[in-house]
file work.txt (compact mmCIF, C-alpha atoms and all ligand atoms)
# COMPACT_ATOMS: atom_id res chain seq x y z
CA MET A 24 97.85 -124.21 73.03
CA ARG A 25 95.98 -121.61 75.05
CA ARG A 26 94.41 -122.33 78.44
CA LYS A 27 90.65 -122.98 78.46
CA ILE A 28 88.82 -121.31 81.32
CA VAL A 29 85.33 -121.07 82.80
CA ALA A 30 84.86 -118.66 85.70
CA GLY A 31 81.75 -117.97 87.77
CA ASN A 32 81.14 -114.47 89.09
CA TRP A 33 78.67 -114.80 91.94
CA LYS A 34 78.42 -111.01 92.40
CA MET A 35 76.45 -109.95 95.53
CA ASN A 36 74.53 -113.21 95.75
CA LYS A 37 74.53 -116.12 98.22
CA ASP A 38 75.04 -115.82 101.97
CA LYS A 39 77.62 -117.92 103.80
CA ASN A 40 75.68 -121.20 103.89
CA ALA A 41 74.48 -120.83 100.31
CA SER A 42 78.02 -120.07 99.09
CA ILE A 43 79.45 -123.12 100.85
CA GLY A 44 76.56 -125.23 99.56
CA LEU A 45 77.15 -124.11 95.99
CA VAL A 46 80.86 -124.86 95.99
CA GLN A 47 80.24 -128.24 97.59
CA GLU A 48 77.69 -129.13 94.92
CA ILE A 49 80.20 -128.23 92.20
CA LEU A 50 82.92 -130.30 93.87
CA GLN A 51 80.61 -133.25 94.58
CA SER A 52 79.75 -133.59 90.93
CA ASN A 53 83.05 -135.45 90.70
CA LYS A 54 83.35 -134.39 87.11
CA LEU A 55 86.73 -134.12 85.53
CA PHE A 56 86.79 -130.60 84.23
CA GLY A 57 88.04 -130.17 80.68
CA CYS A 58 89.19 -126.64 81.49
CA GLU A 59 90.39 -124.49 84.36
CA VAL A 60 87.53 -123.55 86.68
CA TYR A 61 87.33 -120.40 88.81
CA ILE A 62 84.67 -119.14 91.17
CA SER A 63 84.28 -115.66 92.61
CA PRO A 64 82.24 -115.53 95.83
CA ALA A 65 81.62 -112.36 97.86
CA PHE A 66 84.45 -110.99 100.05
CA PRO A 67 83.29 -112.30 103.46
CA PHE A 68 83.38 -115.91 102.28
CA LEU A 69 86.65 -115.92 100.33
CA ASN A 70 88.64 -117.34 103.24
CA GLU A 71 86.31 -120.26 103.88
CA ILE A 72 85.73 -121.02 100.20
CA SER A 73 89.48 -120.86 99.50
CA ASN A 74 90.02 -123.41 102.27
CA ILE A 75 87.34 -125.69 100.82
CA CYS A 76 88.87 -125.42 97.35
CA GLU A 77 92.45 -126.03 98.48
CA SER A 78 93.76 -129.19 96.79
CA THR A 79 90.80 -129.23 94.39
CA PRO A 80 90.86 -128.12 90.74
CA ILE A 81 88.81 -125.00 91.55
CA LYS A 82 90.55 -121.66 91.95
CA VAL A 83 89.07 -118.76 93.85
CA ILE A 84 89.15 -115.15 92.68
CA ALA A 85 87.86 -111.93 94.20
CA GLN A 86 85.38 -109.63 92.47
CA ASN A 87 87.38 -106.51 93.24
CA VAL A 88 90.47 -105.18 95.01
CA SER A 89 91.51 -101.74 96.22
CA GLU A 90 94.07 -99.82 94.19
CA LYS A 91 95.61 -98.71 97.53
CA ASP A 92 98.04 -100.81 99.55
CA GLU A 93 96.83 -100.07 103.07
CA GLY A 94 95.61 -97.32 105.33
CA ALA A 95 92.59 -95.13 105.97
CA TYR A 96 90.34 -96.32 103.15
CA THR A 97 87.12 -97.32 104.85
CA GLY A 98 85.37 -100.23 103.23
CA GLU A 99 88.23 -101.19 100.93
CA VAL A 100 90.01 -104.56 100.73
CA SER A 101 93.69 -104.70 99.82
CA LEU A 102 95.58 -107.08 97.66
CA ASP A 103 97.66 -108.35 100.60
CA MET A 104 94.46 -109.12 102.47
CA LEU A 105 93.20 -111.17 99.55
CA LYS A 106 96.47 -113.03 99.26
CA SER A 107 96.47 -113.77 102.98
CA VAL A 108 93.19 -115.71 102.62
CA GLY A 109 94.40 -117.77 99.68
CA VAL A 110 92.79 -115.92 96.80
CA ASP A 111 94.32 -116.74 93.40
CA GLY A 112 93.20 -113.75 91.37
CA VAL A 113 90.90 -110.78 90.89
CA ILE A 114 88.28 -109.60 88.43
CA ILE A 115 89.18 -106.06 87.38
CA GLY A 116 87.19 -103.58 85.33
CA HIS A 117 83.83 -105.34 85.41
CA SER A 118 81.29 -103.03 83.77
CA GLU A 119 79.29 -102.90 87.01
CA ARG A 120 82.37 -101.52 88.81
CA ARG A 121 83.02 -99.05 86.00
CA LYS A 122 79.43 -97.87 85.73
CA ILE A 123 77.94 -98.08 89.23
CA TYR A 124 81.10 -97.30 91.21
CA GLY A 125 82.74 -94.95 88.74
CA GLU A 126 86.01 -96.86 88.35
CA ASN A 127 88.00 -94.96 85.75
CA ASP A 128 91.02 -95.83 83.67
CA GLU A 129 93.47 -94.43 86.19
CA VAL A 130 92.10 -96.59 89.00
CA LEU A 131 91.97 -99.65 86.75
CA ARG A 132 95.56 -99.10 85.68
CA MET A 133 96.69 -98.97 89.31
CA LYS A 134 94.74 -102.14 90.16
CA LEU A 135 96.21 -103.98 87.17
CA ASP A 136 99.70 -102.87 88.03
CA ASN A 137 99.37 -103.92 91.68
CA CYS A 138 98.05 -107.36 90.78
CA SER A 139 100.82 -107.90 88.27
CA LYS A 140 103.54 -106.88 90.74
CA ASN A 141 102.04 -109.20 93.36
CA ASP A 142 101.60 -112.16 91.06
CA LEU A 143 97.82 -112.36 91.26
CA GLU A 144 95.87 -113.55 88.26
CA VAL A 145 93.75 -110.90 86.59
CA PHE A 146 90.49 -111.26 84.71
CA PHE A 147 90.38 -107.91 82.95
CA CYS A 148 86.91 -107.04 81.63
CA ILE A 149 86.34 -104.89 78.58
CA GLY A 150 83.25 -104.35 76.46
CA GLU A 151 81.04 -101.82 74.72
CA THR A 152 77.64 -100.45 75.68
CA LEU A 153 74.55 -100.96 73.55
CA GLU A 154 74.80 -97.37 72.35
CA MET A 155 78.33 -97.90 71.06
CA ARG A 156 77.42 -101.25 69.46
CA GLU A 157 74.51 -99.58 67.66
CA LYS A 158 76.89 -96.94 66.34
CA GLY A 159 79.22 -99.71 65.14
CA LYS A 160 81.96 -98.42 67.47
CA GLN A 161 82.63 -101.62 69.43
CA ASN A 162 86.15 -102.12 68.05
CA GLU A 163 87.09 -98.54 68.84
CA VAL A 164 85.76 -98.82 72.40
CA ILE A 165 87.75 -101.99 73.04
CA GLU A 166 90.89 -100.44 71.64
CA ASN A 167 90.51 -97.31 73.80
CA GLN A 168 89.79 -99.38 76.91
CA LEU A 169 92.98 -101.39 76.39
CA ASN A 170 95.16 -98.46 75.35
CA SER A 171 94.29 -96.36 78.38
CA THR A 172 94.82 -99.12 80.94
CA LEU A 173 96.61 -102.40 80.31
CA PHE A 174 98.61 -101.32 77.27
CA ASP A 175 99.85 -98.28 79.15
CA LEU A 176 101.68 -100.47 81.67
CA THR A 177 105.24 -101.38 80.81
CA ASP A 178 105.86 -104.51 82.86
CA PHE A 179 102.57 -106.33 83.04
CA LYS A 180 103.08 -110.08 83.66
CA LEU A 181 101.19 -111.58 80.76
CA ASP A 182 101.22 -115.09 82.28
CA ASN A 183 98.71 -113.83 84.82
CA LEU A 184 96.34 -112.22 82.36
CA VAL A 185 92.92 -113.32 81.14
CA ILE A 186 90.93 -110.87 79.01
CA ALA A 187 87.15 -111.08 79.44
CA TYR A 188 85.16 -109.59 76.58
CA GLU A 189 81.82 -108.66 78.12
CA PRO A 190 79.51 -106.52 75.99
CA VAL A 191 77.58 -104.46 78.54
CA TRP A 192 74.31 -104.98 76.67
CA ALA A 193 74.59 -108.75 77.15
CA ILE A 194 75.30 -108.79 80.89
CA GLY A 195 72.39 -110.02 82.97
CA THR A 196 69.98 -109.22 80.14
CA GLY A 197 69.44 -112.73 78.78
CA LYS A 198 70.60 -111.35 75.43
CA ASN A 199 73.91 -112.99 74.52
CA ALA A 200 76.08 -111.84 71.66
CA SER A 201 75.92 -114.19 68.68
CA SER A 202 78.88 -116.47 68.07
CA GLU A 203 79.71 -114.41 64.94
CA GLN A 204 79.75 -111.18 66.94
CA VAL A 205 81.87 -112.79 69.65
CA GLN A 206 84.37 -114.30 67.21
CA GLU A 207 84.72 -111.02 65.33
CA ILE A 208 85.57 -109.00 68.40
CA HIS A 209 87.78 -111.67 69.99
CA GLN A 210 89.76 -111.75 66.77
CA HIS A 211 90.09 -107.98 66.97
CA ILE A 212 91.25 -108.18 70.61
CA ARG A 213 93.80 -110.83 69.65
CA ALA A 214 95.12 -108.60 66.89
CA LEU A 215 95.45 -105.69 69.35
CA LEU A 216 97.27 -107.92 71.85
CA ASN A 217 99.56 -109.02 69.08
CA LEU A 218 100.35 -105.46 68.04
CA ARG A 219 101.13 -104.50 71.63
CA TYR A 220 102.98 -107.59 72.86
CA GLY A 221 104.00 -109.54 69.80
CA LYS A 222 103.95 -113.31 69.46
CA ILE A 223 103.84 -113.99 73.20
CA SER A 224 100.29 -112.61 73.21
CA GLU A 225 99.08 -115.75 71.45
CA SER A 226 99.03 -117.48 74.82
CA ILE A 227 96.71 -114.93 76.48
CA PRO A 228 93.22 -116.43 77.00
CA ILE A 229 90.26 -114.33 75.88
CA VAL A 230 86.98 -115.42 77.45
CA TYR A 231 83.45 -114.26 76.68
CA GLY A 232 80.89 -113.06 79.24
CA GLY A 233 77.28 -111.99 78.81
CA SER A 234 74.23 -114.20 79.43
CA LEU A 235 76.17 -117.42 78.90
CA LYS A 236 73.84 -120.35 79.54
CA PRO A 237 74.04 -124.12 78.96
CA ASN A 238 72.01 -123.65 75.76
CA ASN A 239 74.37 -121.14 74.11
CA SER A 240 77.81 -121.87 75.60
CA LYS A 241 78.77 -124.71 73.23
CA ASP A 242 78.16 -122.53 70.20
CA ILE A 243 80.15 -119.61 71.59
CA PHE A 244 82.98 -121.81 72.92
CA SER A 245 83.39 -123.33 69.48
CA CYS A 246 84.69 -120.01 68.06
CA PRO A 247 88.42 -120.24 67.37
CA ASP A 248 89.32 -117.12 69.35
CA VAL A 249 87.11 -117.88 72.36
CA ASP A 250 88.99 -119.57 75.19
CA GLY A 251 86.11 -119.94 77.63
CA GLY A 252 83.67 -117.85 79.57
CA LEU A 253 83.00 -115.57 82.51
CA VAL A 254 79.56 -116.56 83.77
CA GLY A 255 77.31 -114.45 85.98
CA GLY A 256 73.72 -115.56 86.58
CA ALA A 257 74.13 -119.15 85.40
CA SER A 258 77.05 -119.73 87.78
CA LEU A 259 74.67 -119.43 90.74
CA ASN A 260 73.19 -122.81 89.88
CA SER A 261 75.59 -125.73 90.18
CA GLN A 262 73.98 -127.78 87.40
CA ALA A 263 73.91 -124.88 84.93
CA PHE A 264 77.52 -123.99 85.77
CA LEU A 265 78.64 -127.61 85.39
CA ASP A 266 76.80 -127.89 82.08
CA ILE A 267 78.58 -124.78 80.79
CA ILE A 268 81.91 -126.22 81.95
CA SER A 269 81.24 -129.50 80.15
CA SER A 270 80.31 -127.71 76.93
CA ILE A 271 83.86 -126.39 76.45
C1 LIG B 1 79.02 -110.94 84.32
O1 LIG B 1 78.50 -110.13 85.06
O2 LIG B 1 80.26 -111.04 84.29
C2 LIG B 1 78.16 -111.76 83.48
C3 LIG B 1 78.69 -112.30 82.43
O3 LIG B 1 76.85 -111.87 83.87
P1 LIG B 1 75.68 -112.73 83.18
O4 LIG B 1 76.26 -114.06 82.80
O5 LIG B 1 74.62 -112.85 84.21
O6 LIG B 1 75.25 -111.97 81.97
call {"tool": "encode", "arguments": {"input": "work.txt", "output": "structure tokens"}}
result
Amino acid sequence: MRRKIVAGNWKMNKDKNASIGLVQEILQSNKLFGCEVYISPAFPFLNEISNICESTPIKVIAQNVSEKDEGAYTGEVSLDMLKSVGVDGVIIGHSERRKIYGENDEVLRMKLDNCSKNDLEVFFCIGETLEMREKGKQNEVIENQLNSTLFDLTDFKLDNLVIAYEPVWAIGTGKNASSEQVQEIHQHIRALLNLRYGKISESIPIVYGGSLKPNNSKDIFSCPDVDGGLVGGASLNSQAFLDIISSI
């Protein structure tokens, strides 16, 4: 059976006190999670939030990592730095990083490779724009995104991989993909993983992201090829996040 996962991407929201408050609210709910739960606070608070989450069921992941190991790269944060503050994994290839910060396939490939070699979990985001969806090219886009990055690496540690299908047109827009659209593309991603890696790929979780809310998560999570969600906006509210977690 595949792992079930719900992860919250806090993006550039919540200062120190608000971040600590949010994680404490989630932990105080005392709920037994029916899936693996991850949160992704901003860089400055990773150390403190990792400490708070130690010995709890919540894992902490970073929203980004440098493709470089160390040196004169002003403003960058390395993988070793993340590991040294107890971070469990990294989100790579989020559409905001691709679009706003120009992260291209070459950079993404290097980040993926580094994380794999250093045993960090990876949430690798892929997804089409509205323009490509309207042209019916979503499957092609996904295939190209995988072929030019992940599939190009020879030794990627699949145990550490979570694929996040995040259609760009559904992120932060309040417009989620329908469960039929999600199932169709997750099935396609699973077939591509199978072609590339064979049977072992059946254990790779594929989660959905894009305006997931308590009122649509149950429907989407019920799709056979959906193994959970990557949640943006709704993860900033403890009750909404907990409701999404319980709907899995
Ligand atoms: C995201 O940015 O990963 C995301 C899914 O955002 P939202 O849930 O706000 O659409």
call {"tool": "closest_atom_pairs", "arguments": {"input": "work.txt", "of": "chain A", "to": "ligand LIG 1 (chain B)", "cutoff": "6 Å", "atoms": "only C-alpha atoms and all ligand atoms", "output": "JSON lines"}}
result
{"residue": "A:Asn32", "atom": "CA", "partner": "B:LIG1", "partner_atom": "O2", "distance": 6.0}
{"residue": "A:Ala193", "atom": "CA", "partner": "B:LIG1", "partner_atom": "O6", "distance": 5.8}
{"residue": "A:Ile194", "atom": "CA", "partner": "B:LIG1", "partner_atom": "O6", "distance": 3.4}
{"residue": "A:Gly195", "atom": "CA", "partner": "B:LIG1", "partner_atom": "O6", "distance": 3.6}
{"residue": "A:Gly232", "atom": "CA", "partner": "B:LIG1", "partner_atom": "C3", "distance": 3.9}
{"residue": "A:Gly233", "atom": "CA", "partner": "B:LIG1", "partner_atom": "O6", "distance": 3.8}
{"residue": "A:Ser234", "atom": "CA", "partner": "B:LIG1", "partner_atom": "O6", "distance": 3.5}
{"residue": "A:Leu235", "atom": "CA", "partner": "B:LIG1", "partner_atom": "O4", "distance": 5.1}
{"residue": "A:Leu253", "atom": "CA", "partner": "B:LIG1", "partner_atom": "C3", "distance": 5.4}
{"residue": "A:Val254", "atom": "CA", "partner": "B:LIG1", "partner_atom": "O4", "distance": 4.3}
{"residue": "A:Gly255", "atom": "CA", "partner": "B:LIG1", "partner_atom": "O3", "distance": 3.4}
{"residue": "A:Gly256", "atom": "CA", "partner": "B:LIG1", "partner_atom": "O5", "distance": 3.7}
call {"tool": "write_last_selection", "arguments": {"input": "work.txt", "atoms": "C-alpha atoms", "output": "PDB file, in the coordinates of the input"}}
result
ATOM      1  CA  ASN A  32      81.140-114.470  89.090  1.00  0.00           C
ATOM      2  CA  ALA A 193      74.590-108.750  77.150  1.00  0.00           C
ATOM      3  CA  ILE A 194      75.300-108.790  80.890  1.00  0.00           C
ATOM      4  CA  GLY A 195      72.390-110.020  82.970  1.00  0.00           C
ATOM      5  CA  GLY A 232      80.890-113.060  79.240  1.00  0.00           C
ATOM      6  CA  GLY A 233      77.280-111.990  78.810  1.00  0.00           C
ATOM      7  CA  SER A 234      74.230-114.200  79.430  1.00  0.00           C
ATOM      8  CA  LEU A 235      76.170-117.420  78.900  1.00  0.00           C
ATOM      9  CA  LEU A 253      83.000-115.570  82.510  1.00  0.00           C
ATOM     10  CA  VAL A 254      79.560-116.560  83.770  1.00  0.00           C
ATOM     11  CA  GLY A 255      77.310-114.450  85.980  1.00  0.00           C
ATOM     12  CA  GLY A 256      73.720-115.560  86.580  1.00  0.00           C
TER      13      GLY A 256
END
call {"tool": "closest_residue", "arguments": {"input": "work.txt", "among": "A:Glu71, A:Glu163, A:Glu207, A:Glu119", "to": "Asn40 (chain A)", "atoms": "only C-alpha atoms"}}
result
A:Glu71
call {"tool": "closest_residue", "arguments": {"input": "work.txt", "among": "A:Leu184, A:Leu69, A:Ala257, A:Leu135", "to": "Ile43 (chain A)", "atoms": "only C-alpha atoms"}}
result
A:Leu69
call {"tool": "residues_around", "arguments": {"input": "work.txt", "residues": "Thr152 (chain A)", "least_positions_apart": "5", "cutoff": "12 Å", "atoms": "all atoms listed in the file", "output": "PyMOL selection string"}}
result
chain A and resi 118-119+121-122+157-165+188-194+233
call {"tool": "residues_near_point", "arguments": {"input": "work.txt", "point": "(98.9, -102.3, 87.6)", "cutoff": "10 Å", "atoms": "only C-alpha atoms", "output": "JSON, numbers by chain"}}
result
{"A": [90, 129, 130, 131, 132, 133, 134, 135, 136, 137, 138, 139, 140, 141, 172, 173, 175, 176, 177, 178, 179, 180]}
call {"tool": "closest_residue", "arguments": {"input": "work.txt", "among": "A:Val113, A:Ile49, A:Ala200, A:Ile75", "to": "Gln262 (chain A)", "atoms": "all atoms listed in the file"}}
result
A:Ile49
call {"tool": "closest_residue", "arguments": {"input": "work.txt", "among": "A:Ser258, A:Gln204, A:Asn167, A:Ser270", "to": "Ala30 (chain A)", "atoms": "all atoms listed in the file"}}
result
A:Ser258
call {"tool": "closest_residue", "arguments": {"input": "work.txt", "among": "A:Cys76, A:Leu153, A:Leu45, A:Val185", "to": "Leu216 (chain A)", "atoms": "all atoms listed in the file"}}
result
A:Val185
call {"tool": "atom_distance", "arguments": {"input": "work.txt", "atom1": "CA of Ala187 (chain A)", "atom2": "CA of Cys148 (chain A)"}}
result
4.6 Å
call {"tool": "residues_around", "arguments": {"input": "work.txt", "residues": "Leu218 (chain A)", "least_positions_apart": "6", "cutoff": "12 Å", "atoms": "all atoms listed in the file", "output": "JSON list (two decimals) with C-alpha atoms, in the coordinates of the input"}}
result
[["chain", "number", "residue", "atom", "x", "y", "z"],
["A", 166, "GLU", "CA", 90.89, -100.44, 71.64],
["A", 169, "LEU", "CA", 92.98, -101.39, 76.39],
["A", 170, "ASN", "CA", 95.16, -98.46, 75.35],
["A", 174, "PHE", "CA", 98.61, -101.32, 77.27],
["A", 211, "HIS", "CA", 90.09, -107.98, 66.97],
["A", 212, "ILE", "CA", 91.25, -108.18, 70.61],
["A", 224, "SER", "CA", 100.29, -112.61, 73.21],
["A", 225, "GLU", "CA", 99.08, -115.75, 71.45]]
call {"tool": "closest_residue", "arguments": {"input": "work.txt", "among": "A:Phe66, A:Tyr231, A:Tyr61, A:Phe264", "to": "Asp250 (chain A)", "atoms": "all atoms listed in the file"}}
result
A:Tyr231
call {"tool": "residues_around", "arguments": {"input": "work.txt", "residues": "Cys246 (chain A)", "least_positions_apart": "2", "cutoff": "9 Å", "atoms": "all atoms listed in the file", "output": "VMD selection string"}}
result
chain A and resid 202 to 203 205 to 206 242 to 244 248 to 250
call {"tool": "residues_around", "arguments": {"input": "work.txt", "residues": "region 50-58 of chain A", "least_positions_apart": "6", "cutoff": "12 Å", "atoms": "all atoms listed in the file", "output": "CSV table (one decimal) with C-alpha atoms, in the coordinates of the input"}}
result
chain,number,residue,atom,x,y,z
A,25,ARG,CA,96.0,-121.6,75.0
A,26,ARG,CA,94.4,-122.3,78.4
A,27,LYS,CA,90.6,-123.0,78.5
A,28,ILE,CA,88.8,-121.3,81.3
A,29,VAL,CA,85.3,-121.1,82.8
A,30,ALA,CA,84.9,-118.7,85.7
A,43,ILE,CA,79.4,-123.1,100.8
A,44,GLY,CA,76.6,-125.2,99.6
A,72,ILE,CA,85.7,-121.0,100.2
A,75,ILE,CA,87.3,-125.7,100.8
A,76,CYS,CA,88.9,-125.4,97.4
A,77,GLU,CA,92.4,-126.0,98.5
A,78,SER,CA,93.8,-129.2,96.8
A,79,THR,CA,90.8,-129.2,94.4
A,80,PRO,CA,90.9,-128.1,90.7
A,81,ILE,CA,88.8,-125.0,91.6
A,82,LYS,CA,90.6,-121.7,92.0
A,228,PRO,CA,93.2,-116.4,77.0
A,244,PHE,CA,83.0,-121.8,72.9
A,250,ASP,CA,89.0,-119.6,75.2
A,251,GLY,CA,86.1,-119.9,77.6
A,252,GLY,CA,83.7,-117.8,79.6
A,261,SER,CA,75.6,-125.7,90.2
A,262,GLN,CA,74.0,-127.8,87.4
A,264,PHE,CA,77.5,-124.0,85.8
A,265,LEU,CA,78.6,-127.6,85.4
A,266,ASP,CA,76.8,-127.9,82.1
A,267,ILE,CA,78.6,-124.8,80.8
A,268,ILE,CA,81.9,-126.2,82.0
A,269,SER,CA,81.2,-129.5,80.2
A,270,SER,CA,80.3,-127.7,76.9
A,271,ILE,CA,83.9,-126.4,76.4
call {"tool": "atom_distance", "arguments": {"input": "work.txt", "atom1": "CA of Ser201 (chain A)", "atom2": "CA of Asn260 (chain A)"}}
result
23.0 Å
call {"tool": "atom_distance", "arguments": {"input": "work.txt", "atom1": "CA of Pro247 (chain A)", "atom2": "CA of Ile227 (chain A)"}}
result
13.4 Å
call {"tool": "axis_aligned_box", "arguments": {"input": "work.txt", "around": "region 147-158 of chain A", "padding_each_side": "5 Å", "output": "lines of an AutoDock Vina configuration file"}}
result
center_x = 82.4
center_y = -102.4
center_z = 74.6
size_x = 25.9
size_y = 21.0
size_z = 26.6
call {"tool": "residues_around", "arguments": {"input": "work.txt", "residues": "region 96-108 of chain A", "least_positions_apart": "4", "cutoff": "7 Å", "atoms": "only C-alpha atoms", "output": "PyMOL selection string"}}
result
chain A and resi 69-70+88-89+91-92
call {"tool": "decode", "arguments": {"input": "work.txt", "residues": "region 80-88 of chain A", "atoms": "all heavy atoms", "output": "CSV table (one decimal), in the first residue's frame"}}
result
chain,number,residue,atom,x,y,z
A,80,PRO,N,4.3,13.4,15.3
A,80,PRO,CA,4.1,12.8,14.0
A,80,PRO,C,4.4,13.8,12.9
A,80,PRO,O,4.3,13.4,11.7
A,80,PRO,CB,2.7,12.4,14.0
A,80,PRO,CG,2.1,12.7,15.4
A,80,PRO,CD,3.1,13.6,16.1
A,81,ILE,N,4.6,15.1,13.2
A,81,ILE,CA,4.7,16.0,12.1
A,81,ILE,C,6.2,16.2,11.6
A,81,ILE,O,7.1,16.3,12.4
A,81,ILE,CB,4.2,17.4,12.5
A,81,ILE,CG1,2.8,17.3,12.9
A,81,ILE,CG2,4.4,18.5,11.4
A,81,ILE,CD1,2.1,18.6,13.3
A,82,LYS,N,6.3,16.1,10.3
A,82,LYS,CA,7.7,16.3,9.7
A,82,LYS,C,7.8,17.7,9.1
A,82,LYS,O,6.8,18.2,8.6
A,82,LYS,CB,7.9,15.2,8.6
A,82,LYS,CG,8.1,13.8,9.2
A,82,LYS,CD,8.7,13.0,8.1
A,82,LYS,CE,8.5,11.5,8.4
A,82,LYS,NZ,8.6,10.7,7.3
A,83,VAL,N,9.0,18.2,9.0
A,83,VAL,CA,9.2,19.6,8.6
A,83,VAL,C,10.0,19.6,7.3
A,83,VAL,O,11.1,18.9,7.2
A,83,VAL,CB,9.9,20.4,9.7
A,83,VAL,CG1,10.2,21.8,9.2
A,83,VAL,CG2,9.1,20.4,10.9
A,84,ILE,N,9.5,20.3,6.3
A,84,ILE,CA,10.2,20.4,5.0
A,84,ILE,C,10.4,21.8,4.6
A,84,ILE,O,9.7,22.7,5.1
A,84,ILE,CB,9.5,19.6,3.9
A,84,ILE,CG1,8.0,20.1,3.7
A,84,ILE,CG2,9.5,18.1,4.1
A,84,ILE,CD1,7.3,19.5,2.6
A,85,ALA,N,11.5,22.1,3.9
A,85,ALA,CA,11.8,23.4,3.4
A,85,ALA,C,11.1,23.7,2.1
A,85,ALA,O,10.8,22.8,1.3
A,85,ALA,CB,13.3,23.6,3.3
A,86,GLN,N,10.9,25.0,1.8
A,86,GLN,CA,10.2,25.3,0.5
A,86,GLN,C,11.1,25.4,-0.6
A,86,GLN,O,10.7,25.6,-1.8
A,86,GLN,CB,9.5,26.7,0.7
A,86,GLN,CG,8.4,26.7,1.8
A,86,GLN,CD,7.9,28.1,2.1
A,86,GLN,OE1,8.0,29.0,1.3
A,86,GLN,NE2,7.4,28.2,3.3
A,87,ASN,N,12.4,25.3,-0.4
A,87,ASN,CA,13.4,25.5,-1.4
A,87,ASN,C,14.8,25.1,-0.9
A,87,ASN,O,15.0,25.0,0.3
A,87,ASN,CB,13.5,26.9,-1.9
A,87,ASN,CG,14.3,27.2,-3.1
A,87,ASN,OD1,14.6,26.2,-3.9
A,87,ASN,ND2,14.8,28.4,-3.3
A,88,VAL,N,15.7,24.8,-1.8
A,88,VAL,CA,17.1,24.6,-1.4
A,88,VAL,C,18.0,25.0,-2.6
A,88,VAL,O,17.6,25.0,-3.7
A,88,VAL,CB,17.4,23.1,-1.1
A,88,VAL,CG1,17.1,22.2,-2.3
A,88,VAL,CG2,18.7,22.8,-0.5
